[in-house]
Every structure is written in C-alpha cells, then in structure tokens.
Amino acid sequence: MAWNEPGGDNRDPWGGRGGKDGPPDLDEVARKMRDRMNSIFGGGRKGGRGASPFNFSLIAVLAIAAWVLSGIYIIEPAERGVVLRLGEYLKVTGPGPHWYMRGIERVDKVDVDQVRTVTHRAKMLTRDENIIQVELAVQYQVRDAKEYLFEVRDPDYTLQEATESALREVVGSISMDEFLSGGRGEIVRQTEELTQAILDRYKTGLFLTSVNLQDPQPPEEVQGAFEDAIKAQEDEVRYKNQAEAYALDILPKARGDATRMREAANGYREQVVAAAEGETSRFLQTLEEYEKAPNITRKRLYLETMEYVLANNNKVLMTVKDGSNLMYIPLDKLMENRGGVRLTPDDTTEEELMSDRTQEVPRMRDSSRDRGVR
C-alpha cells in the first residue's frame with residue numbers, strides 16, 4: 001500500500017506525515033543514513049559508545065582475504081613468470097595458477113613460444129674488396145626468461161648487433177665469386193653459429209630458430225654488371241648440363257664401338273694366327289717328307305702343281321713331234337675370250353708361246369702358296 005493512500009500509514013519516507021508537514025528534511029535523511037552506516041561499521045552510537053571489536057576483526061579479515069585473492073595470477077602455456085621480491089630475482093614459475101605477495105613481490109610474464117623476427121640489411125665488403133648489399137632475416141625465441149630480463153639491458157638490440165657482426169665477418173672472408181656461386185648455404189650456417197655463440201656469451205637468453213639470406217643486391221652503380229654476372233653463371237650451368245647430357249649420350253656409343261672393334265680385331269688375330277699355324281704345320285710336314293725322300297717329294301710337288309695349274313687353265317699345249325708347238329683353244333671358250341685370242345695359228349710364233357709359258361710360272365707359284373707348298 002502506498003504511503004499516501006487513504007487508510008494507510010501516511011508517513012512519508014522522508015519523515016513527514018501525509019504531506020502535512022511540507023517537503024522532507026534533507027538533513028534528517030542524511031543523519032539517518034549516517035546512523036545506519038555507523039551501526040554497520042561500528043561508528044559512534046547514541047549514548048557515546050565506541051566501535052565494536054567484532055566489526056574491526058571482520059574488516060581485517062575481509063582486507064586480508066582481498067589481499068590474498070589479489071595475489072593470484074595465472075601463467076599461460078606459452079609464458080613464463082619471473083617473480084621479483086623487493087626488486088630482486090626470486091624464481092621463475094611455469095604454466096598454471098600461482099600466488100605472489102602483492103606489494104612485496106612482482107611478476108613479469110615473458111612469452112617464450114613467440115617466434116620473433118628481425119631483419120638486417122646493410123652494405124658489406126667482400127674479401128676481394130667488392131661492395132654488396134646483403135639482407136638477412138633472423139627468427140628467434142626466448143630460451144631463458146631470467147637471462148632475457150636481467151642479464152642484458154636490451155636483448156633484441158643485442159641480437160641485431162651480433163647478427164651484423166657475424167655476417168660481416170663471414171662475408172669479409174669470401175670473395176664475390178664465391179658468394180655468388182652457390183655458397184649461401186655455408187654463409188648462413190657460419191653466420192648462425194657465430195651469432196648464437198655471441199648471444200650465449202652475453203647471456204641474452206635467446207636462441208635462433210632460422211636464418212634466411214635474401215638474394216644479394218649490388219649497389220645501383222654496378223647493378224648492370226651484377227646482372228650480367230648472374231646471367232653468365234646461369235649460362236655456365238646450362239652449358240654444363242648440355243655437355244653432361246651429350247657426354248651421357250656419346251660415351252655409351254663410343255664404348256660400344258670400341259668393344260665391337262676390339263672383338264673384331266681379336267677375331268682377325270685369331271684367324272690370322274690359326275692360318276699361320278696351319279701353313280706352318282703343312283710346311284713342316286712337307287719338309288719332313290722332303291728330308292726323307294727329296295726326289296720323290298720334289299716330283300710329287302711338281303705333279304700336284306702342274307695338275308692344279310692345268311686343271312684351271314683353258315689353254316691346252318700340245319707338242320708335235322718334228323714340228324712346232326700348237327696352241328689349241330676350245331670352241332666353247334672362243335666366244336668368251338674373243339677379244340684376247342688370235343684366230344690363226346700361223347700368227348702364233350714360238351717366242352709368243354714361250355712367253356705364255358713364262359707367264360704361267362708365277363701362277364703356278366701362287367697356286368703352290370695357296371696350297372701351302374714352297
């Protein structure tokens with residue numbers, strides 16, 4: 001029921017009654033609220049009594065509880081918590097909930113899983129005093145949170161300086177041609193090792209995850225010459241590949257030809273040796289028979305030779321008693337040897353006949369050689 005309805009308690013909440021006494025007294029309202037607060041927190045009461053000890057204990061407990069709860073913190077899996085007590089290093093906490101004394105201790109969180117990247121670009125001098133512009137991208141992580149926060153004032157800046165120092169040392173120890181001829185992998189490896197050694201020596205708490213060397217760029221003044229050198233290297237690689245392909249194609253053919261010629265030579269050698277051995281064997285056998293019976297062997301050789309010569313000759317020599325020699329040419333051979341035969345026997349003289357007989361002697365000798373007879 002509303003306070004101003006008929007029949008109700010017409011006391012207004014501000015101390016008036018039914019609107020008869022005018023607007024509420026603001027001082028009275030403030031006084032009542034102050035009395036209620038004092039009654040809750042142990043303030044002064046009517047009669048001049050002091051605060052209750054129970055209320056002070058409750059306030060102290062609540063304050064301690066709030067302080068304890070405010071010291072709870074949580075470390076994420078990718079973080080590490082570095083706890084300081086009065087500004088001095090105390091410990092490193094891992095992932096999970098932890099508690100520290102607020103006001104006395106402090107917690108600094110460090111992300112150890114984050115991969116950080118720093119890029120360094122500078123002009124450097126090679127061993128043969130050529131200037132080249134090198135760009136190096138380095139990725140790293142925090143390995144030790146304590147060293148990262150307390151050993152070095154600015155670990156990230158130290159990493160940049162260490163990277164430049166290591167890169168200048170490596171590039172300054174090689175020539176321009178070595179740098180451009182595929183030695184970048186070795187440059188990256190040496191730079192990474194030297195940089196990590198410097199970081200460990202200064203206890204930066206950092207470790208390198210990868211080092212990437214970008215394509216080298218020469219100064220603008222020599223850009224054209226640099227591009228010509230790159231093209232020359234590419235041409236060298238292409239010609240080398242073509243030469244290797246040609247070698248792979250021609251060498252097997254040459255080896256095959258060499259093998260075939262070697263086998264043919266071996267076969268010819270075996271043939272000649274076998275023929276010579278056969279000729280030698282026949283000669284030795286004939287010699288043995290000749291030593292036993294020279295006259296008989298000589299006559300036999302003569303008869304065999306004449307048999308061979310006359311059997312392969314198309315001319316027949318007939319001796320006529322008390323007359324001249326007459327050469328008879330068979331008619332079946334006449335047509336074949338028309339150009340080289342005299343048709344009239346009268347034209348054939350004795351000298352020509354003797355000349356024909358003389359020409360038969362070398363043929364007999366050749367035939368004897370073919371048959372293995374000397």
# chains A, B, ... in the order shown; residues from 1 in each chain; ligands from 1
$ closest_atom_pairs --of "range 156-222 of chain A" --to "range 137-149 of chain A" --cutoff "8 Å" --atoms "only C-alpha atoms" --output "Markdown table"
| residue | atom | partner | partner_atom | distance |
| --- | --- | --- | --- | --- |
| A:Lys203 | CA | A:Glu147 | CA | 6.0 |
| A:Thr204 | CA | A:Tyr148 | CA | 5.2 |
| A:Gly205 | CA | A:Asp144 | CA | 4.5 |
| A:Leu206 | CA | A:Val142 | CA | 4.6 |
| A:Phe207 | CA | A:Tyr140 | CA | 5.7 |
| A:Leu208 | CA | A:Tyr140 | CA | 4.3 |
| A:Thr209 | CA | A:Tyr140 | CA | 5.1 |
| A:Ser210 | CA | A:Gln139 | CA | 5.3 |
| A:Val211 | CA | A:Val138 | CA | 4.7 |
| A:Asn212 | CA | A:Ala137 | CA | 5.2 |
| A:Leu213 | CA | A:Ala137 | CA | 6.5 |
| A:Gln214 | CA | A:Ala137 | CA | 7.6 |
$ atom_distance --atom1 "CA of Glu164 in chain A" --atom2 "CA of Gln233 in chain A"
27.9 Å
$ select_by_dssp --residues "range 66-173 of chain A" --states "alpha helix (DSSP H)" --output "PyMOL selection string"
chain A and resi 66-70+145-150+155-171
$ write_last_selection --atoms "C-alpha atoms" --output "short mmCIF file (atom, residue, chain, number, x, y, z; two decimals), in the first residue's frame"
data_model
loop_
_atom_site.label_atom_id
_atom_site.label_comp_id
_atom_site.auth_asym_id
_atom_site.auth_seq_id
_atom_site.Cartn_x
_atom_site.Cartn_y
_atom_site.Cartn_z
CA ALA A 66 41.11 -9.33 -0.59
CA TRP A 67 44.91 -9.04 -0.45
CA VAL A 68 45.39 -12.79 -0.72
CA LEU A 69 42.99 -13.06 -3.63
CA SER A 70 44.65 -10.18 -5.42
CA ALA A 145 63.32 -15.79 -19.20
CA LYS A 146 65.66 -14.81 -16.34
CA GLU A 147 68.60 -14.05 -18.65
CA TYR A 148 66.32 -12.27 -21.09
CA LEU A 149 65.12 -9.83 -18.38
CA PHE A 150 68.20 -9.30 -16.20
CA PRO A 155 68.46 -8.38 -25.74
CA ASP A 156 66.68 -7.67 -29.03
CA TYR A 157 69.07 -4.85 -29.91
CA THR A 158 71.99 -7.05 -28.87
CA LEU A 159 70.74 -9.70 -31.29
CA GLN A 160 70.73 -7.20 -34.16
CA GLU A 161 74.28 -6.08 -33.40
CA ALA A 162 75.51 -9.67 -33.03
CA THR A 163 73.91 -10.68 -36.34
CA GLU A 164 75.54 -7.81 -38.22
CA SER A 165 78.92 -8.50 -36.67
CA ALA A 166 78.80 -12.21 -37.54
CA LEU A 167 77.56 -11.55 -41.09
CA ARG A 168 80.29 -9.01 -41.77
CA GLU A 169 82.92 -11.45 -40.54
CA VAL A 170 81.64 -14.23 -42.82
CA VAL A 171 81.13 -12.07 -45.92
#
$ closest_residue --among "A:Ala265, A:Met176, A:Leu84, A:Ala225" --to "Gly103 in chain A" --atoms "only C-alpha atoms"
A:Leu84
$ select_by_dssp --residues "range 191-271 of chain A" --states "strand (DSSP E or B)" --output "list in words"
Leu206, Phe207, Leu208, Thr209, Ser210, Val211, Asn212, Leu213 and Gln217 of chain A
$ write_last_selection --atoms "N, CA and C atoms" --output "compact mmCIF listing (two decimals), in the first residue's frame"
# COMPACT_ATOMS: atom_id res chain seq x y z
N LEU A 206 68.41 -15.85 -25.52
CA LEU A 206 67.78 -16.02 -26.83
C LEU A 206 68.46 -17.16 -27.59
N PHE A 207 67.70 -17.81 -28.47
CA PHE A 207 68.29 -18.78 -29.38
C PHE A 207 67.64 -18.64 -30.74
N LEU A 208 68.44 -18.84 -31.78
CA LEU A 208 67.99 -18.66 -33.15
C LEU A 208 67.26 -19.90 -33.64
N THR A 209 66.13 -19.70 -34.30
CA THR A 209 65.38 -20.81 -34.89
C THR A 209 65.66 -20.95 -36.38
N SER A 210 65.89 -19.86 -37.08
CA SER A 210 66.21 -19.93 -38.50
C SER A 210 66.87 -18.63 -38.94
N VAL A 211 67.73 -18.76 -39.96
CA VAL A 211 68.41 -17.62 -40.56
C VAL A 211 68.24 -17.74 -42.07
N ASN A 212 67.69 -16.71 -42.69
CA ASN A 212 67.41 -16.73 -44.13
C ASN A 212 68.15 -15.56 -44.78
N LEU A 213 68.94 -15.91 -45.79
CA LEU A 213 69.69 -14.91 -46.54
C LEU A 213 68.94 -14.59 -47.83
N GLN A 217 71.97 -8.02 -53.41
CA GLN A 217 71.76 -6.92 -54.35
C GLN A 217 72.99 -6.02 -54.33
$ closest_residue --among "A:Tyr73, A:Glu151, A:Val92, A:Trp99" --to "Arg201 in chain A" --atoms "only C-alpha atoms"
A:Glu151
$ atom_distance --atom1 "CA of Arg282 in chain A" --atom2 "CA of Val309 in chain A"
20.1 Å
$ atom_distance --atom1 "CA of Ala122 in chain A" --atom2 "CA of Glu220 in chain A"
13.7 Å
$ decode --residues "range 116-268 of chain A" --atoms "C-alpha atoms" --output "short mmCIF file (atom, residue, chain, number, x, y, z; two decimals), in the first residue's frame"
data_model
loop_
_atom_site.label_atom_id
_atom_site.label_comp_id
_atom_site.auth_asym_id
_atom_site.auth_seq_id
_atom_site.Cartn_x
_atom_site.Cartn_y
_atom_site.Cartn_z
CA ARG A 116 60.21 -13.09 -33.24
CA THR A 117 61.74 -11.80 -36.46
CA VAL A 118 64.40 -9.21 -37.06
CA THR A 119 65.63 -8.18 -40.50
CA HIS A 120 69.06 -6.71 -41.07
CA ARG A 121 70.08 -5.00 -44.31
CA ALA A 122 73.46 -3.41 -44.93
CA LYS A 123 76.25 -2.96 -47.47
CA MET A 124 79.27 -5.13 -46.82
CA LEU A 125 82.75 -5.54 -48.25
CA THR A 126 83.91 -8.90 -49.57
CA ARG A 127 87.43 -10.25 -49.41
CA ASP A 128 88.22 -9.04 -52.93
CA GLU A 129 87.01 -5.54 -51.97
CA ASN A 130 83.66 -5.67 -53.76
CA ILE A 131 80.66 -3.96 -52.18
CA ILE A 132 77.47 -5.98 -51.92
CA GLN A 133 74.15 -5.26 -50.25
CA VAL A 134 73.00 -8.16 -48.06
CA GLU A 135 69.64 -8.66 -46.38
CA LEU A 136 69.34 -11.23 -43.60
CA ALA A 137 66.13 -12.29 -41.83
CA VAL A 138 66.57 -13.90 -38.40
CA GLN A 139 63.87 -15.68 -36.40
CA TYR A 140 64.42 -16.34 -32.70
CA GLN A 141 62.73 -17.23 -29.41
CA VAL A 142 63.33 -16.67 -25.71
CA ARG A 143 65.09 -19.65 -24.16
CA ASP A 144 65.75 -18.35 -20.63
CA ALA A 145 63.32 -15.79 -19.20
CA LYS A 146 65.66 -14.81 -16.34
CA GLU A 147 68.60 -14.05 -18.65
CA TYR A 148 66.32 -12.27 -21.09
CA LEU A 149 65.12 -9.83 -18.38
CA PHE A 150 68.20 -9.30 -16.20
CA GLU A 151 71.49 -10.18 -17.93
CA VAL A 152 71.33 -7.72 -20.86
CA ARG A 153 69.64 -4.32 -20.93
CA ASP A 154 68.16 -4.79 -24.45
CA PRO A 155 68.46 -8.38 -25.74
CA ASP A 156 66.68 -7.67 -29.03
CA TYR A 157 69.07 -4.85 -29.91
CA THR A 158 71.99 -7.05 -28.87
CA LEU A 159 70.74 -9.70 -31.29
CA GLN A 160 70.73 -7.20 -34.16
CA GLU A 161 74.28 -6.08 -33.40
CA ALA A 162 75.51 -9.67 -33.03
CA THR A 163 73.91 -10.68 -36.34
CA GLU A 164 75.54 -7.81 -38.22
CA SER A 165 78.92 -8.50 -36.67
CA ALA A 166 78.80 -12.21 -37.54
CA LEU A 167 77.56 -11.55 -41.09
CA ARG A 168 80.29 -9.01 -41.77
CA GLU A 169 82.92 -11.45 -40.54
CA VAL A 170 81.64 -14.23 -42.82
CA VAL A 171 81.13 -12.07 -45.92
CA GLY A 172 84.51 -10.42 -45.45
CA SER A 173 86.26 -13.81 -45.56
CA ILE A 174 84.99 -14.83 -49.03
CA SER A 175 85.20 -13.34 -52.50
CA MET A 176 82.36 -12.04 -54.64
CA ASP A 177 82.52 -15.06 -56.94
CA GLU A 178 82.31 -17.47 -54.02
CA PHE A 179 79.33 -15.59 -52.66
CA LEU A 180 77.51 -15.70 -55.99
CA SER A 181 78.45 -19.25 -56.97
CA GLY A 182 76.15 -21.07 -54.57
CA GLY A 183 77.93 -20.60 -51.25
CA ARG A 184 74.94 -19.04 -49.49
CA GLY A 185 74.16 -22.16 -47.51
CA GLU A 186 77.59 -22.15 -45.94
CA ILE A 187 77.31 -18.40 -45.29
CA VAL A 188 74.00 -18.88 -43.47
CA ARG A 189 75.41 -21.75 -41.40
CA GLN A 190 78.51 -19.85 -40.32
CA THR A 191 76.50 -16.70 -39.56
CA GLU A 192 74.05 -18.64 -37.41
CA GLU A 193 76.81 -20.35 -35.45
CA LEU A 194 78.72 -17.12 -34.81
CA THR A 195 75.58 -15.20 -33.82
CA GLN A 196 74.44 -17.90 -31.41
CA ALA A 197 77.89 -18.02 -29.84
CA ILE A 198 77.78 -14.26 -29.22
CA LEU A 199 74.27 -14.47 -27.72
CA ASP A 200 75.33 -17.28 -25.40
CA ARG A 201 78.46 -15.41 -24.35
CA TYR A 202 76.44 -12.33 -23.37
CA LYS A 203 73.71 -14.50 -21.74
CA THR A 204 70.84 -12.88 -23.63
CA GLY A 205 68.52 -15.86 -23.09
CA LEU A 206 67.78 -16.02 -26.83
CA PHE A 207 68.29 -18.78 -29.38
CA LEU A 208 67.99 -18.66 -33.15
CA THR A 209 65.38 -20.81 -34.89
CA SER A 210 66.21 -19.93 -38.50
CA VAL A 211 68.41 -17.62 -40.56
CA ASN A 212 67.41 -16.73 -44.13
CA LEU A 213 69.69 -14.91 -46.54
CA GLN A 214 67.83 -12.94 -49.18
CA ASP A 215 69.09 -12.55 -52.73
CA PRO A 216 72.13 -10.28 -52.68
CA GLN A 217 71.76 -6.92 -54.35
CA PRO A 218 74.73 -4.87 -55.51
CA PRO A 219 74.81 -1.09 -55.32
CA GLU A 220 72.88 0.73 -58.02
CA GLU A 221 76.09 1.88 -59.68
CA VAL A 222 77.05 -1.70 -60.61
CA GLN A 223 73.59 -3.20 -60.97
CA GLY A 224 74.04 -3.87 -64.70
CA ALA A 225 77.37 -5.64 -64.27
CA PHE A 226 75.93 -7.66 -61.43
CA GLU A 227 73.03 -8.85 -63.60
CA ASP A 228 75.47 -9.79 -66.37
CA ALA A 229 77.43 -11.88 -63.89
CA ILE A 230 74.25 -13.65 -62.78
CA LYS A 231 73.34 -14.42 -66.41
CA ALA A 232 76.84 -15.69 -67.07
CA GLN A 233 76.55 -18.07 -64.15
CA GLU A 234 73.19 -19.30 -65.39
CA ASP A 235 74.68 -19.83 -68.87
CA GLU A 236 77.55 -21.75 -67.31
CA VAL A 237 75.16 -24.08 -65.54
CA ARG A 238 73.08 -24.57 -68.70
CA TYR A 239 76.11 -25.32 -70.89
CA LYS A 240 77.47 -27.67 -68.30
CA ASN A 241 74.19 -29.57 -68.21
CA GLN A 242 74.12 -29.76 -72.00
CA ALA A 243 77.71 -31.05 -72.07
CA GLU A 244 76.91 -33.68 -69.48
CA ALA A 245 73.84 -34.77 -71.45
CA TYR A 246 75.92 -35.03 -74.64
CA ALA A 247 78.58 -37.00 -72.78
CA LEU A 248 75.99 -39.38 -71.42
CA ASP A 249 74.72 -39.89 -74.98
CA ILE A 250 78.03 -40.24 -76.86
CA LEU A 251 80.10 -42.17 -74.34
CA PRO A 252 77.97 -45.35 -74.39
CA LYS A 253 78.07 -45.32 -78.21
CA ALA A 254 81.83 -44.84 -78.23
CA ARG A 255 82.28 -47.64 -75.71
CA GLY A 256 80.10 -49.90 -77.85
CA ASP A 257 82.09 -49.09 -81.00
CA ALA A 258 85.34 -49.68 -79.14
CA THR A 259 84.11 -53.03 -77.86
CA ARG A 260 82.95 -54.07 -81.32
CA MET A 261 86.26 -53.08 -82.93
CA ARG A 262 88.17 -54.86 -80.18
CA GLU A 263 86.20 -58.04 -80.72
CA ALA A 264 86.69 -57.78 -84.49
CA ALA A 265 90.42 -57.30 -84.01
CA ASN A 266 90.57 -60.26 -81.66
CA GLY A 267 88.69 -62.37 -84.20
CA TYR A 268 91.00 -61.30 -87.03
#
